[in-house]
>>> print(open('start09.txt').read())   # compact mmCIF, C-alpha atoms
# COMPACT_ATOMS: atom_id res chain seq x y z
CA MET A 29 -13.30 9.45 16.84
CA ILE A 30 -15.04 6.11 16.89
CA PRO A 31 -18.13 5.32 14.82
CA GLY A 32 -21.37 4.22 16.42
CA PRO A 33 -21.95 0.48 16.72
CA PHE A 34 -23.05 -1.51 13.68
CA SER A 35 -23.17 -5.08 12.44
CA TYR A 36 -20.73 -6.06 9.71
CA HIS A 37 -21.70 -8.23 6.75
CA ARG A 38 -19.40 -9.44 4.00
CA PRO A 39 -21.37 -11.15 1.21
CA GLU A 40 -19.55 -12.91 -1.62
CA SER A 41 -22.03 -12.35 -4.43
CA VAL A 42 -24.11 -9.49 -5.73
CA GLY A 43 -27.22 -11.60 -5.09
CA ASP A 44 -26.34 -12.08 -1.43
CA ALA A 45 -25.52 -8.39 -1.03
CA ILE A 46 -28.91 -7.42 -2.46
CA LYS A 47 -30.70 -9.93 -0.24
CA LEU A 48 -28.90 -8.55 2.81
CA LEU A 49 -29.73 -4.95 1.94
CA ALA A 50 -33.37 -5.91 1.33
CA SER A 51 -33.73 -7.85 4.58
CA LEU A 52 -31.88 -5.34 6.77
CA GLY A 53 -33.81 -2.39 5.37
CA GLU A 54 -33.05 1.29 5.84
CA GLU A 55 -30.54 0.71 8.62
CA ALA A 56 -28.16 -0.95 6.15
CA ARG A 57 -25.63 0.77 3.91
CA PRO A 58 -23.40 -0.81 1.28
CA LEU A 59 -19.70 -0.16 1.95
CA ALA A 60 -17.40 0.32 -1.03
CA GLY A 61 -13.99 1.99 -0.52
CA GLY A 62 -15.34 3.63 2.60
CA HIS A 63 -13.45 6.89 2.18
CA SER A 64 -16.63 8.95 2.17
CA LEU A 65 -18.76 6.81 4.48
CA ILE A 66 -16.26 5.89 7.21
CA PRO A 67 -15.23 9.52 7.90
CA MET A 68 -18.94 10.40 8.09
CA MET A 69 -19.47 7.55 10.55
CA LYS A 70 -16.54 8.70 12.67
CA LEU A 71 -18.14 12.14 12.88
CA ARG A 72 -21.46 10.38 13.68
CA LEU A 73 -23.02 12.17 10.74
CA ALA A 74 -23.84 8.68 9.45
CA THR A 75 -24.93 5.97 11.89
CA PRO A 76 -25.93 2.91 9.86
CA GLY A 77 -26.93 -0.11 11.93
CA HIS A 78 -25.50 -2.50 9.34
CA LEU A 79 -22.67 -2.28 6.86
CA VAL A 80 -22.70 -4.56 3.85
CA ASP A 81 -19.05 -4.61 2.76
CA LEU A 82 -18.76 -5.23 -0.98
CA HIS A 83 -15.03 -6.07 -0.87
CA GLY A 84 -15.83 -9.79 -0.79
CA VAL A 85 -17.76 -9.68 -4.07
CA ALA A 86 -15.19 -10.63 -6.70
CA ALA A 87 -17.68 -10.08 -9.53
CA LEU A 88 -17.68 -6.33 -8.81
CA LYS A 89 -13.98 -6.00 -9.69
CA GLY A 90 -12.23 -5.52 -12.98
CA ILE A 91 -12.01 -3.68 -16.26
CA ARG A 92 -12.90 -5.32 -19.56
CA ARG A 93 -13.51 -4.33 -23.13
CA ASP A 94 -16.81 -5.38 -24.70
CA SER A 95 -16.38 -4.46 -28.41
CA ASP A 96 -16.67 -0.65 -28.46
CA ARG A 97 -17.46 -0.25 -24.78
CA ILE A 98 -15.41 -0.43 -21.60
CA VAL A 99 -17.12 -2.14 -18.68
CA ILE A 100 -15.75 -1.31 -15.24
CA GLY A 101 -16.81 -3.16 -12.10
CA ALA A 102 -18.04 -0.85 -9.36
CA MET A 103 -15.40 -1.97 -6.83
CA THR A 104 -12.53 -1.17 -9.18
CA THR A 105 -10.32 1.32 -7.34
CA GLN A 106 -8.94 4.61 -8.62
CA HIS A 107 -5.49 3.05 -8.23
CA GLU A 108 -6.52 0.19 -10.52
CA LEU A 109 -7.85 2.66 -13.10
CA LEU A 110 -4.48 4.43 -13.02
CA ALA A 111 -2.62 1.14 -13.50
CA SER A 112 -4.81 -0.18 -16.33
CA ASP A 113 -3.37 -0.35 -19.85
CA GLU A 114 -6.90 -0.65 -21.24
CA ILE A 115 -7.93 2.64 -19.61
CA ARG A 116 -4.65 4.31 -20.66
CA THR A 117 -5.38 3.42 -24.28
CA SER A 118 -9.15 3.77 -24.51
CA LEU A 119 -10.18 6.29 -21.86
CA PRO A 120 -7.13 8.34 -20.90
CA ILE A 121 -9.34 11.09 -19.46
CA LEU A 122 -10.26 8.71 -16.62
CA GLN A 123 -6.59 8.45 -15.65
CA GLU A 124 -6.11 12.19 -15.85
CA ALA A 125 -9.06 12.68 -13.50
CA ALA A 126 -8.28 9.76 -11.17
CA ALA A 127 -4.80 11.15 -10.54
CA LEU A 128 -6.45 14.35 -9.28
CA ILE A 129 -8.70 12.54 -6.78
CA ALA A 130 -7.60 12.79 -3.15
CA ASP A 131 -4.16 11.23 -2.55
CA PRO A 132 -2.40 7.91 -3.21
CA GLN A 133 -3.64 6.17 -0.05
CA VAL A 134 -7.24 7.14 -0.74
CA ARG A 135 -6.92 5.99 -4.36
CA TYR A 136 -5.90 2.49 -3.26
CA ARG A 137 -9.29 2.20 -1.50
CA GLY A 138 -11.63 4.61 -3.27
CA THR A 139 -13.74 2.97 -5.98
CA ILE A 140 -15.30 4.19 -9.20
CA GLY A 141 -18.66 2.81 -8.08
CA GLY A 142 -18.57 4.67 -4.79
CA ASN A 143 -17.43 7.83 -6.51
CA VAL A 144 -20.26 7.85 -9.05
CA ALA A 145 -23.03 6.42 -6.81
CA ASN A 146 -22.58 8.59 -3.75
CA GLY A 147 -24.11 11.67 -5.37
CA ASP A 148 -21.60 14.03 -3.79
CA PRO A 149 -21.37 17.09 -6.08
CA GLY A 150 -17.65 17.31 -5.25
CA ASN A 151 -16.83 13.89 -6.70
CA ASP A 152 -14.93 14.06 -9.99
CA MET A 153 -16.06 10.94 -11.86
CA PRO A 154 -19.77 11.83 -12.32
CA ALA A 155 -19.08 14.79 -14.65
CA LEU A 156 -16.76 12.56 -16.68
CA MET A 157 -19.48 9.95 -16.93
CA LEU A 158 -21.89 12.56 -18.32
CA THR A 159 -19.24 13.74 -20.77
CA LEU A 160 -18.49 10.21 -21.96
CA GLY A 161 -22.14 9.10 -22.18
CA ALA A 162 -21.71 6.34 -19.58
CA ALA A 163 -24.46 4.04 -18.31
CA TYR A 164 -24.77 2.50 -14.84
CA ARG A 165 -26.11 -0.96 -14.11
CA LEU A 166 -28.24 -0.96 -10.98
CA GLU A 167 -29.17 -4.28 -9.41
CA GLY A 168 -31.79 -4.68 -6.73
CA PRO A 169 -34.50 -6.93 -5.37
CA ASN A 170 -36.64 -6.26 -8.46
CA GLY A 171 -33.91 -7.12 -10.96
CA ALA A 172 -31.36 -5.17 -12.92
CA ARG A 173 -31.72 -1.99 -14.96
CA GLU A 174 -29.46 0.35 -16.91
CA VAL A 175 -29.61 4.07 -16.18
CA MET A 176 -27.72 6.65 -18.19
CA ALA A 177 -25.40 8.78 -16.05
CA SER A 178 -27.25 11.79 -17.47
CA ASP A 179 -30.49 10.52 -15.82
CA PHE A 180 -28.90 9.38 -12.56
CA TYR A 181 -28.20 12.54 -10.59
CA GLN A 182 -31.21 14.27 -9.02
CA GLY A 183 -29.71 16.47 -6.32
CA ALA A 184 -26.88 16.53 -3.81
CA TYR A 185 -26.72 12.92 -2.51
CA PHE A 186 -29.99 12.12 -4.32
CA THR A 187 -29.71 9.69 -7.21
CA ALA A 188 -31.83 7.25 -9.19
CA LEU A 189 -30.71 4.44 -6.85
CA GLU A 190 -33.74 2.88 -5.14
CA PRO A 191 -33.45 1.52 -1.60
CA GLY A 192 -31.76 -1.88 -1.73
CA GLU A 193 -30.16 -1.29 -5.12
CA ILE A 194 -26.42 -1.47 -5.77
CA LEU A 195 -24.58 0.12 -8.67
CA THR A 196 -22.65 -2.85 -10.08
CA THR A 197 -20.97 -1.72 -13.30
CA VAL A 198 -20.14 1.41 -15.24
CA THR A 199 -20.23 1.06 -19.03
CA ILE A 200 -18.51 3.69 -21.14
CA PRO A 201 -18.54 3.89 -24.96
CA VAL A 202 -14.96 4.19 -26.20
CA PRO A 203 -14.48 7.68 -27.65
CA ALA A 204 -13.44 8.02 -31.30
CA ALA A 205 -9.81 7.27 -32.11
CA GLY A 206 -7.74 10.46 -32.14
CA HIS A 207 -10.12 12.29 -29.81
CA GLY A 208 -8.82 15.06 -27.60
CA TYR A 209 -9.58 15.14 -23.90
CA ALA A 210 -8.83 17.14 -20.79
CA TYR A 211 -9.96 17.37 -17.19
CA GLU A 212 -9.13 20.74 -15.69
CA LYS A 213 -9.58 20.90 -11.93
CA LEU A 214 -8.92 23.91 -9.77
CA LYS A 215 -8.40 22.97 -6.14
CA ARG A 216 -6.94 24.65 -3.10
CA LYS A 217 -4.50 21.86 -2.34
CA VAL A 218 -3.75 18.24 -3.19
CA GLY A 219 -6.60 16.07 -1.99
CA ASP A 220 -9.25 18.77 -2.04
CA TYR A 221 -12.52 18.68 -3.89
CA ALA A 222 -12.74 20.92 -6.92
CA THR A 223 -13.36 24.62 -6.52
CA ALA A 224 -14.42 24.17 -10.14
CA ALA A 225 -13.60 21.55 -12.74
CA ALA A 226 -14.43 20.86 -16.37
CA ALA A 227 -14.13 17.73 -18.50
CA VAL A 228 -13.91 17.95 -22.28
CA VAL A 229 -13.92 15.23 -24.94
CA LEU A 230 -13.82 16.43 -28.54
CA THR A 231 -12.90 15.48 -32.08
CA MET A 232 -11.54 17.77 -34.79
CA ALA A 233 -11.16 17.60 -38.55
CA GLY A 234 -9.46 20.17 -40.76
CA GLY A 235 -8.89 22.44 -37.78
CA LYS A 236 -12.59 22.56 -36.85
CA VAL A 237 -14.35 20.91 -33.92
CA THR A 238 -16.58 18.11 -35.22
CA SER A 239 -17.97 16.83 -31.90
CA CYS A 240 -17.68 18.00 -28.33
CA ALA A 241 -19.00 17.18 -24.86
CA ILE A 242 -18.34 19.24 -21.75
CA GLY A 243 -19.01 18.17 -18.15
CA LEU A 244 -18.79 20.30 -15.00
CA THR A 245 -17.86 19.24 -11.44
CA ASN A 246 -18.90 20.94 -8.19
CA LEU A 247 -20.57 23.86 -9.93
CA HIS A 248 -24.13 22.78 -9.14
CA GLU A 249 -25.76 20.36 -6.72
CA THR A 250 -25.39 17.72 -9.44
CA PRO A 251 -22.75 17.22 -12.11
CA LEU A 252 -23.70 19.09 -15.28
CA LEU A 253 -23.49 18.45 -18.99
CA ALA A 254 -22.87 21.84 -20.60
CA ALA A 255 -24.65 21.12 -23.89
CA ASP A 256 -24.99 24.74 -25.05
CA ALA A 257 -21.32 25.39 -24.35
CA ALA A 258 -20.40 22.35 -26.46
CA LYS A 259 -22.69 23.53 -29.27
CA ALA A 260 -20.93 26.91 -29.22
CA VAL A 261 -17.62 25.37 -30.26
CA ILE A 262 -18.80 22.71 -32.74
CA GLY A 263 -17.84 23.88 -36.24
CA SER A 264 -15.43 26.46 -34.85
CA SER A 265 -11.64 26.44 -34.82
CA LEU A 266 -11.77 27.27 -31.08
CA ASP A 267 -11.04 30.91 -31.83
CA ASP A 268 -11.30 33.43 -29.00
CA ALA A 269 -14.88 34.35 -29.79
CA SER A 270 -16.18 30.77 -29.67
CA LEU A 271 -14.18 30.00 -26.52
CA LYS A 272 -15.73 33.05 -24.85
CA GLN A 273 -19.17 31.99 -26.00
CA ALA A 274 -18.63 28.49 -24.63
CA ALA A 275 -17.44 29.75 -21.25
CA ALA A 276 -20.43 32.09 -21.00
CA ALA A 277 -22.86 29.31 -21.95
CA ALA A 278 -21.33 27.04 -19.31
CA GLN A 279 -21.43 29.77 -16.69
CA ALA A 280 -25.12 30.32 -17.42
CA ILE A 281 -25.98 26.87 -16.03
CA MET A 282 -23.60 26.95 -13.03
CA SER A 283 -25.06 27.48 -9.57
CA PRO A 284 -22.30 26.53 -7.17
CA ALA A 285 -22.64 26.74 -3.40
CA ALA A 286 -20.79 29.52 -1.61
CA ASP A 287 -18.42 27.73 0.77
CA ALA A 288 -14.81 27.72 1.97
CA ARG A 289 -13.77 27.29 -1.68
CA GLY A 290 -15.11 30.72 -2.51
CA PRO A 291 -18.21 32.81 -3.15
CA VAL A 292 -20.58 32.00 -6.02
CA GLU A 293 -19.19 34.69 -8.36
CA TYR A 294 -15.63 33.45 -7.93
CA ARG A 295 -16.51 29.81 -8.51
CA LYS A 296 -18.47 30.64 -11.65
CA HIS A 297 -15.61 32.82 -12.86
CA VAL A 298 -13.02 30.08 -12.43
CA GLY A 299 -15.52 27.56 -13.77
CA GLY A 300 -15.50 29.46 -17.05
CA ILE A 301 -11.71 29.43 -17.05
CA MET A 302 -11.66 25.66 -16.48
CA VAL A 303 -13.96 25.20 -19.50
CA THR A 304 -11.70 27.35 -21.68
CA ARG A 305 -8.51 25.60 -20.59
CA ALA A 306 -10.03 22.14 -20.96
CA LEU A 307 -11.22 22.96 -24.49
CA GLN A 308 -7.81 24.26 -25.51
CA ARG A 309 -5.89 21.38 -24.00
CA ALA A 310 -8.29 18.80 -25.45
CA ALA A 311 -7.88 20.37 -28.90
CA SER A 312 -4.10 20.21 -28.60
CA ARG A 313 -4.35 16.47 -28.01
CA THR A 314 -6.46 15.58 -31.04
CA LYS A 315 -4.72 13.48 -33.65
CA MET B 16 -22.13 -5.41 20.11
CA ALA B 17 -20.87 -8.91 19.37
CA LYS B 18 -17.18 -9.18 18.74
CA THR B 19 -15.65 -10.78 15.68
CA HIS B 20 -12.55 -12.93 15.65
CA VAL B 21 -9.92 -11.68 13.20
CA THR B 22 -6.55 -13.04 12.15
CA MET B 23 -3.93 -11.30 10.08
CA LYS B 24 -0.23 -11.38 9.40
CA VAL B 25 1.46 -8.30 10.80
CA ASN B 26 5.16 -7.75 10.13
CA GLY B 27 5.50 -11.43 9.35
CA ALA B 28 3.80 -12.74 12.50
CA GLU B 29 0.34 -14.31 12.66
CA VAL B 30 -1.82 -12.31 15.07
CA GLU B 31 -5.42 -12.59 16.15
CA GLY B 32 -7.89 -10.69 18.22
CA LEU B 33 -11.52 -10.04 19.04
CA VAL B 34 -12.85 -6.77 17.69
CA GLU B 35 -16.10 -4.91 17.51
CA PRO B 36 -17.00 -4.18 13.89
CA ARG B 37 -16.52 -0.47 14.58
CA THR B 38 -12.94 -0.89 15.80
CA LEU B 39 -10.71 1.02 13.42
CA LEU B 40 -7.64 -0.82 12.15
CA VAL B 41 -5.33 1.79 13.67
CA HIS B 42 -6.81 1.18 17.13
CA PHE B 43 -6.43 -2.58 16.71
CA ILE B 44 -2.79 -2.12 15.71
CA ARG B 45 -1.95 0.30 18.50
CA GLU B 46 -4.06 -1.05 21.35
CA ASN B 47 -4.51 -4.78 20.75
CA LEU B 48 -1.15 -5.43 19.10
CA GLN B 49 0.68 -2.71 21.08
CA LEU B 50 2.44 -1.55 17.92
CA THR B 51 2.41 2.15 18.66
CA GLY B 52 4.75 3.23 15.88
CA THR B 53 1.69 3.77 13.70
CA HIS B 54 0.48 7.20 14.74
CA ILE B 55 -2.94 8.78 14.93
CA GLY B 56 -2.72 12.32 13.60
CA CYS B 57 -5.84 13.93 12.25
CA GLU B 58 -8.27 10.98 12.42
CA THR B 59 -9.97 12.44 9.34
CA THR B 60 -8.12 10.68 6.49
CA HIS B 61 -6.00 13.72 5.69
CA CYS B 62 -2.62 13.47 7.39
CA GLY B 63 -1.33 9.98 6.60
CA ALA B 64 0.43 9.46 9.97
CA CYS B 65 -1.53 6.19 10.37
CA THR B 66 -0.44 4.78 6.99
CA VAL B 67 0.25 1.05 6.95
CA ASP B 68 0.89 -1.33 4.06
CA ILE B 69 -1.93 -3.83 3.49
CA ASP B 70 -1.61 -6.49 0.79
CA GLY B 71 0.64 -4.20 -1.26
CA MET B 72 -1.37 -1.02 -0.79
CA SER B 73 -0.67 2.07 1.32
CA VAL B 74 -3.76 2.56 3.45
CA LYS B 75 -4.75 5.09 6.10
CA SER B 76 -5.53 2.73 8.94
CA CYS B 77 -7.87 5.25 10.58
CA THR B 78 -10.22 4.82 7.62
CA MET B 79 -10.60 1.07 7.57
CA PHE B 80 -12.19 -1.26 10.08
CA ALA B 81 -10.10 -4.01 11.64
CA VAL B 82 -12.68 -6.58 10.49
CA GLN B 83 -11.98 -5.52 6.91
CA ALA B 84 -8.32 -6.46 7.35
CA ASN B 85 -9.22 -10.00 8.40
CA GLY B 86 -6.95 -12.41 6.51
CA SER B 87 -4.66 -9.72 5.14
CA GLU B 88 -0.93 -9.15 5.33
CA ILE B 89 0.16 -5.90 6.96
CA THR B 90 3.47 -4.09 7.34
CA THR B 91 3.76 -1.30 9.88
CA ILE B 92 6.79 0.88 10.63
CA GLU B 93 7.94 -1.80 13.08
CA GLY B 94 8.32 -4.18 10.14
CA ILE B 95 10.37 -1.91 7.88
CA ALA B 96 13.89 -2.53 9.27
CA ASN B 97 15.99 -5.33 7.78
CA ALA B 98 15.61 -8.82 9.29
CA ASP B 99 18.98 -8.49 11.04
CA GLY B 100 17.84 -5.32 12.79
CA THR B 101 19.84 -2.89 10.68
CA LEU B 102 18.05 0.12 9.27
CA ALA B 103 16.33 -0.18 5.91
CA TYR B 104 17.57 2.23 3.24
CA LEU B 105 14.56 4.46 3.82
CA GLN B 106 15.23 4.69 7.54
CA GLU B 107 18.89 5.34 6.85
CA GLY B 108 17.90 8.04 4.36
CA PHE B 109 15.61 9.82 6.83
CA ARG B 110 18.47 9.76 9.34
CA GLN B 111 21.22 10.87 6.99
CA MET B 112 19.19 13.54 5.19
CA HIS B 113 17.47 14.89 8.32
CA GLY B 114 14.09 13.86 6.95
CA LEU B 115 12.39 14.54 10.26
CA GLN B 116 12.20 17.10 13.00
CA CYS B 117 9.49 16.20 15.52
CA GLY B 118 9.13 12.77 13.94
CA PHE B 119 5.38 12.40 14.31
CA CYS B 120 4.69 11.96 10.59
CA THR B 121 7.78 9.81 9.98
CA PRO B 122 6.27 6.31 10.41
CA GLY B 123 3.55 7.10 7.87
CA MET B 124 6.04 8.78 5.54
CA ILE B 125 8.39 5.80 5.58
CA VAL B 126 5.67 3.17 5.18
CA ARG B 127 4.17 5.15 2.29
CA ALA B 128 7.59 5.71 0.66
CA HIS B 129 8.27 1.97 1.05
CA ARG B 130 5.32 1.16 -1.25
CA LEU B 131 6.14 4.05 -3.59
CA LEU B 132 9.66 2.69 -4.14
CA LYS B 133 8.35 -0.86 -4.59
CA GLU B 134 6.10 0.40 -7.39
CA ASN B 135 8.60 2.85 -8.83
CA PRO B 136 12.21 2.29 -7.71
CA SER B 137 13.51 5.33 -9.63
CA PRO B 138 10.98 8.10 -9.06
CA THR B 139 11.56 11.66 -10.21
CA GLU B 140 11.33 14.41 -7.61
CA ASP B 141 7.87 15.22 -8.93
CA GLU B 142 6.78 11.59 -8.61
CA ILE B 143 8.06 11.50 -5.03
CA ARG B 144 6.19 14.68 -4.13
CA HIS B 145 2.96 13.38 -5.65
CA GLY B 146 3.62 9.95 -4.17
CA ILE B 147 3.72 11.32 -0.62
CA SER B 148 0.94 13.85 -1.14
CA GLY B 149 -1.28 11.89 1.24
CA ASN B 150 1.19 12.46 4.09
CA ILE B 151 1.42 15.79 5.86
CA CYS B 152 4.54 17.05 7.63
CA ARG B 153 4.30 20.31 9.60
CA CYS B 154 8.02 20.65 10.37
CA THR B 155 10.33 20.02 7.48
CA GLY B 156 8.79 21.71 4.47
CA TYR B 157 9.29 18.32 2.79
CA GLN B 158 12.69 19.17 1.23
CA ASN B 159 14.63 16.72 3.36
CA ILE B 160 11.90 14.09 3.20
CA VAL B 161 12.18 14.14 -0.58
CA LYS B 162 15.98 13.86 -0.26
CA ALA B 163 15.63 10.96 2.17
CA ILE B 164 13.49 9.08 -0.34
CA GLN B 165 15.92 9.92 -3.15
CA TYR B 166 18.72 8.59 -0.93
CA ALA B 167 16.86 5.32 -0.43
CA ALA B 168 16.07 5.04 -4.14
CA SER B 169 19.77 5.48 -4.97
CA LYS B 170 20.76 2.79 -2.48
CA ILE B 171 18.11 0.39 -3.81
CA ASN B 172 19.44 0.95 -7.33
CA GLY B 173 23.04 0.54 -6.17
CA VAL B 174 24.13 4.01 -7.25
CA GLU B 175 25.79 6.72 -5.26
CA PHE B 176 23.39 9.32 -3.87
CA LYS B 177 24.18 12.86 -5.01
CA GLU B 178 22.22 15.70 -3.50
CA ALA B 179 20.84 17.99 -6.18
CA ALA B 180 22.33 21.49 -6.08
CA GLU B 181 19.97 23.94 -4.39
>>> encode(input="start09.txt", output="structure tokens")
Amino acid sequence: MIPGPFSYHRPESVGDAIKLLASLGEEARPLAGGHSLIPMMKLRLATPGHLVDLHGVAALKGIRRDSDRIVIGAMTTQHELLASDEIRTSLPILQEAAALIADPQVRYRGTIGGNVANGDPGNDMPALMLTLGAAYRLEGPNGAREVMASDFYQGAYFTALEPGEILTTVTIPVPAAGHGYAYEKLKRKVGDYATAAAAVVLTMAGGKVTSCAIGLTNLHETPLLAADAAKAVIGSSLDDASLKQAAAAAQAIMSPAADARGPVEYRKHVGGIMVTRALQRAASRTK
Amino acid sequence: MAKTHVTMKVNGAEVEGLVEPRTLLVHFIRENLQLTGTHIGCETTHCGACTVDIDGMSVKSCTMFAVQANGSEITTIEGIANADGTLAYLQEGFRQMHGLQCGFCTPGMIVRAHRLLKENPSPTEDEIRHGISGNICRCTGYQNIVKAIQYAASKINGVEFKEAAE
């Protein structure tokens, strides 16, 4: 399988990449890790006339702490997230999720920017970004803007990205010290997209949940923030009744596709189980 | 489509070639460089038979363009043996532990395990299994592949390899 012909561009700055995308127009696609786009090109489901490879842009790499926020360059790979002490300390849920993405080879190439910007409902990072209250920096010919992850996803493969814009950084507020977290992902085999997955970040005091956010992966055409489900457990001790209520509230907003991973009823059913397990495991990790 | 001139270091030797942008790295390695130890299995980024080591990363060479590897340093299965031609510990392990049957996945397995052991010279069985989860074998059931990697890890660490009781 060989992709259709294209011209290859390797800019060294964000400015040059944006200029290239603007001048080449709709035929051009930015190339990050390439592990979604290149397979699509080999199947000729994508036939861009130009690829603008972002690997030469050093400014898009790296993880840094900016007071109470973590700023991650879009071209930072999943492997680099897994190796980062800063992420291990501040945002351990990202490592738990990254380890469940694809396989080691793919994680050396796959990037956080590509994962969150592609708009694929099967990608794991977008639901985490909703759960963590992340913001994306989008840079284009008309300047830069910040968009909250919660405002970014519009439909399967449809996002707030305008033509010619590149997602350059992901900024995540550091969750409270002692928070509990979990990413529960049901998949058919290593490397698969989620049949259903749930992300939970919560805090507890005196045995009661004081704050909670729940995100859902691959249970709708966009990642979901299950706000009502989170409300159902705040103030509770995560007793059976509140867990059931949370799972039901989460299921009420799920509308997964029926595909090889199972029919709608099954995916909603296991989606509820992922929410319950993630809540319980997150609670067990609070300090 | 205009061709691009690329240079890279493959198994210690400087190589160059003219490639179309769409030429996949695995095709450049197999067809231009005639290094056919790197196999093409699924062509869909699943099986790992085409795994090569690029600048310290295990990469599926069917999912990267040759132009992207311009200037990089690559090790393929042909570059794994010791400089004097003797088998590397991993190769010895696959031989001693019967880590292959048909052998098609073996180059990718060994190149991947090579990087795994560089990053983690004393992996647990679980770490080995997760570490090779991007490589598919349809013959062995993985048991002997895991043992082969454990054998190599023991040798690297200078300890005697003891097979775990089954």
>>> closest_atom_pairs(input="start09.txt", of="chain B", to="chain A", cutoff="10 Å", atoms="all atoms listed in the file", output="tab-separated table")
residue	atom	partner	partner_atom	distance
B:Met16	CA	A:Pro33	CA	6.8
B:Ala17	CA	A:Ser35	CA	8.2
B:Lys18	CA	A:Ser35	CA	9.6
B:Thr19	CA	A:Tyr36	CA	9.2
B:Glu35	CA	A:Pro33	CA	8.0
B:Pro36	CA	A:Tyr36	CA	5.9
B:Arg37	CA	A:Pro33	CA	5.9
B:Thr38	CA	A:Ile30	CA	7.4
B:Leu39	CA	A:Ile30	CA	7.5
B:His42	CA	A:Ile30	CA	9.6
B:Cys57	CA	A:Met29	CA	9.8
B:Glu58	CA	A:Met29	CA	6.9
B:Thr59	CA	A:Pro67	CA	6.2
B:Thr60	CA	A:Pro67	CA	7.3
B:His61	CA	A:Gly219	CA	8.1
B:Gly63	CA	A:Gln133	CA	8.0
B:Thr66	CA	A:Gln133	CA	7.9
B:Val67	CA	A:Gln133	CA	9.5
B:Asp68	CA	A:Gln133	CA	9.7
B:Gly71	CA	A:Tyr136	CA	9.6
B:Met72	CA	A:Tyr136	CA	6.2
B:Ser73	CA	A:Gln133	CA	5.2
B:Val74	CA	A:Gln133	CA	5.0
B:Lys75	CA	A:Gln133	CA	6.3
B:Ser76	CA	A:Gln133	CA	9.8
B:Cys77	CA	A:Pro67	CA	8.9
B:Thr78	CA	A:Ile66	CA	6.1
B:Met79	CA	A:Gly62	CA	7.3
B:Phe80	CA	A:Ile66	CA	8.7
B:Val82	CA	A:Tyr36	CA	8.1
B:Gln83	CA	A:Asp81	CA	8.2
B:Arg127	CA	A:Gln133	CA	8.2
B:Leu131	CA	A:Pro132	CA	9.4
B:His145	CA	A:Pro132	CA	8.0
B:Gly146	CA	A:Pro132	CA	6.4
B:Ile147	CA	A:Pro132	CA	7.5
B:Ser148	CA	A:Asp131	CA	5.9
B:Gly149	CA	A:Asp131	CA	4.8
B:Asn150	CA	A:Asp131	CA	8.6
>>> residues_near_point(input="start09.txt", point="(12.7, 3.8, -0.9)", cutoff="8 Å", atoms="all atoms listed in the file", output="list of chain:residue names")
B:Tyr104, B:Leu105, B:Ala128, B:His129, B:Arg130, B:Leu131, B:Leu132, B:Lys133, B:Pro136, B:Ile164, B:Gln165, B:Tyr166, B:Ala167, B:Ala168, B:Ile171
>>> write_last_selection(input="start09.txt", atoms="C-alpha atoms", output="compact mmCIF listing (two decimals), keeping the file's coordinate frame")
# COMPACT_ATOMS: atom_id res chain seq x y z
CA TYR B 104 17.57 2.23 3.24
CA LEU B 105 14.56 4.46 3.82
CA ALA B 128 7.59 5.71 0.66
CA HIS B 129 8.27 1.97 1.05
CA ARG B 130 5.32 1.16 -1.25
CA LEU B 131 6.14 4.05 -3.59
CA LEU B 132 9.66 2.69 -4.14
CA LYS B 133 8.35 -0.86 -4.59
CA PRO B 136 12.21 2.29 -7.71
CA ILE B 164 13.49 9.08 -0.34
CA GLN B 165 15.92 9.92 -3.15
CA TYR B 166 18.72 8.59 -0.93
CA ALA B 167 16.86 5.32 -0.43
CA ALA B 168 16.07 5.04 -4.14
CA ILE B 171 18.11 0.39 -3.81
>>> closest_residue(input="start09.txt", among="B:Ile55, B:Leu50, B:Val161, B:Met124", to="B:Asp141", atoms="all atoms listed in the file")
B:Val161
>>> residues_near_point(input="start09.txt", point="(-20.2, 18.0, -4.2)", cutoff="7 Å", atoms="all atoms listed in the file", output="JSON list (two decimals) with C-alpha atoms, in the frame of the given file")
[["chain", "number", "residue", "atom", "x", "y", "z"],
["A", 148, "ASP", "CA", -21.60, 14.03, -3.79],
["A", 149, "PRO", "CA", -21.37, 17.09, -6.08],
["A", 150, "GLY", "CA", -17.65, 17.31, -5.25],
["A", 151, "ASN", "CA", -16.83, 13.89, -6.70],
["A", 184, "ALA", "CA", -26.88, 16.53, -3.81],
["A", 246, "ASN", "CA", -18.90, 20.94, -8.19],
["A", 249, "GLU", "CA", -25.76, 20.36, -6.72]]
>>> atom_distance(input="start09.txt", atom1="atom CA of A:Gln182", atom2="atom CA of A:Tyr294")
24.7 Å
>>> residues_around(input="start09.txt", residues="A:Val144", least_positions_apart="6", cutoff="10 Å", atoms="all atoms listed in the file", output="ChimeraX atom specification")
/A:102,151-157,164,177,180-181,187,195,198
>>> residues_around(input="start09.txt", residues="A:Gly43", least_positions_apart="5", cutoff="9 Å", atoms="all atoms listed in the file", output="PDB file with C-alpha atoms, keeping the file's coordinate frame")
ATOM      1  CA  LEU A  48     -28.900  -8.550   2.810  1.00  0.00           C
ATOM      2  CA  GLU A 167     -29.170  -4.280  -9.410  1.00  0.00           C
ATOM      3  CA  GLY A 168     -31.790  -4.680  -6.730  1.00  0.00           C
ATOM      4  CA  PRO A 169     -34.500  -6.930  -5.370  1.00  0.00           C
TER       5      PRO A 169
END
>>> atom_distance(input="start09.txt", atom1="atom CA of A:Ile281", atom2="atom CA of A:Ala210")
20.3 Å
>>> atom_distance(input="start09.txt", atom1="atom CA of A:Tyr185", atom2="atom CA of A:Ile301")
26.6 Å
>>> residues_around(input="start09.txt", residues="A:Leu307", least_positions_apart="5", cutoff="10 Å", atoms="all atoms listed in the file", output="PyMOL selection string")
chain A and resi 208-212+226-230+240-242+258+261+266+271+274-275+301-302+312
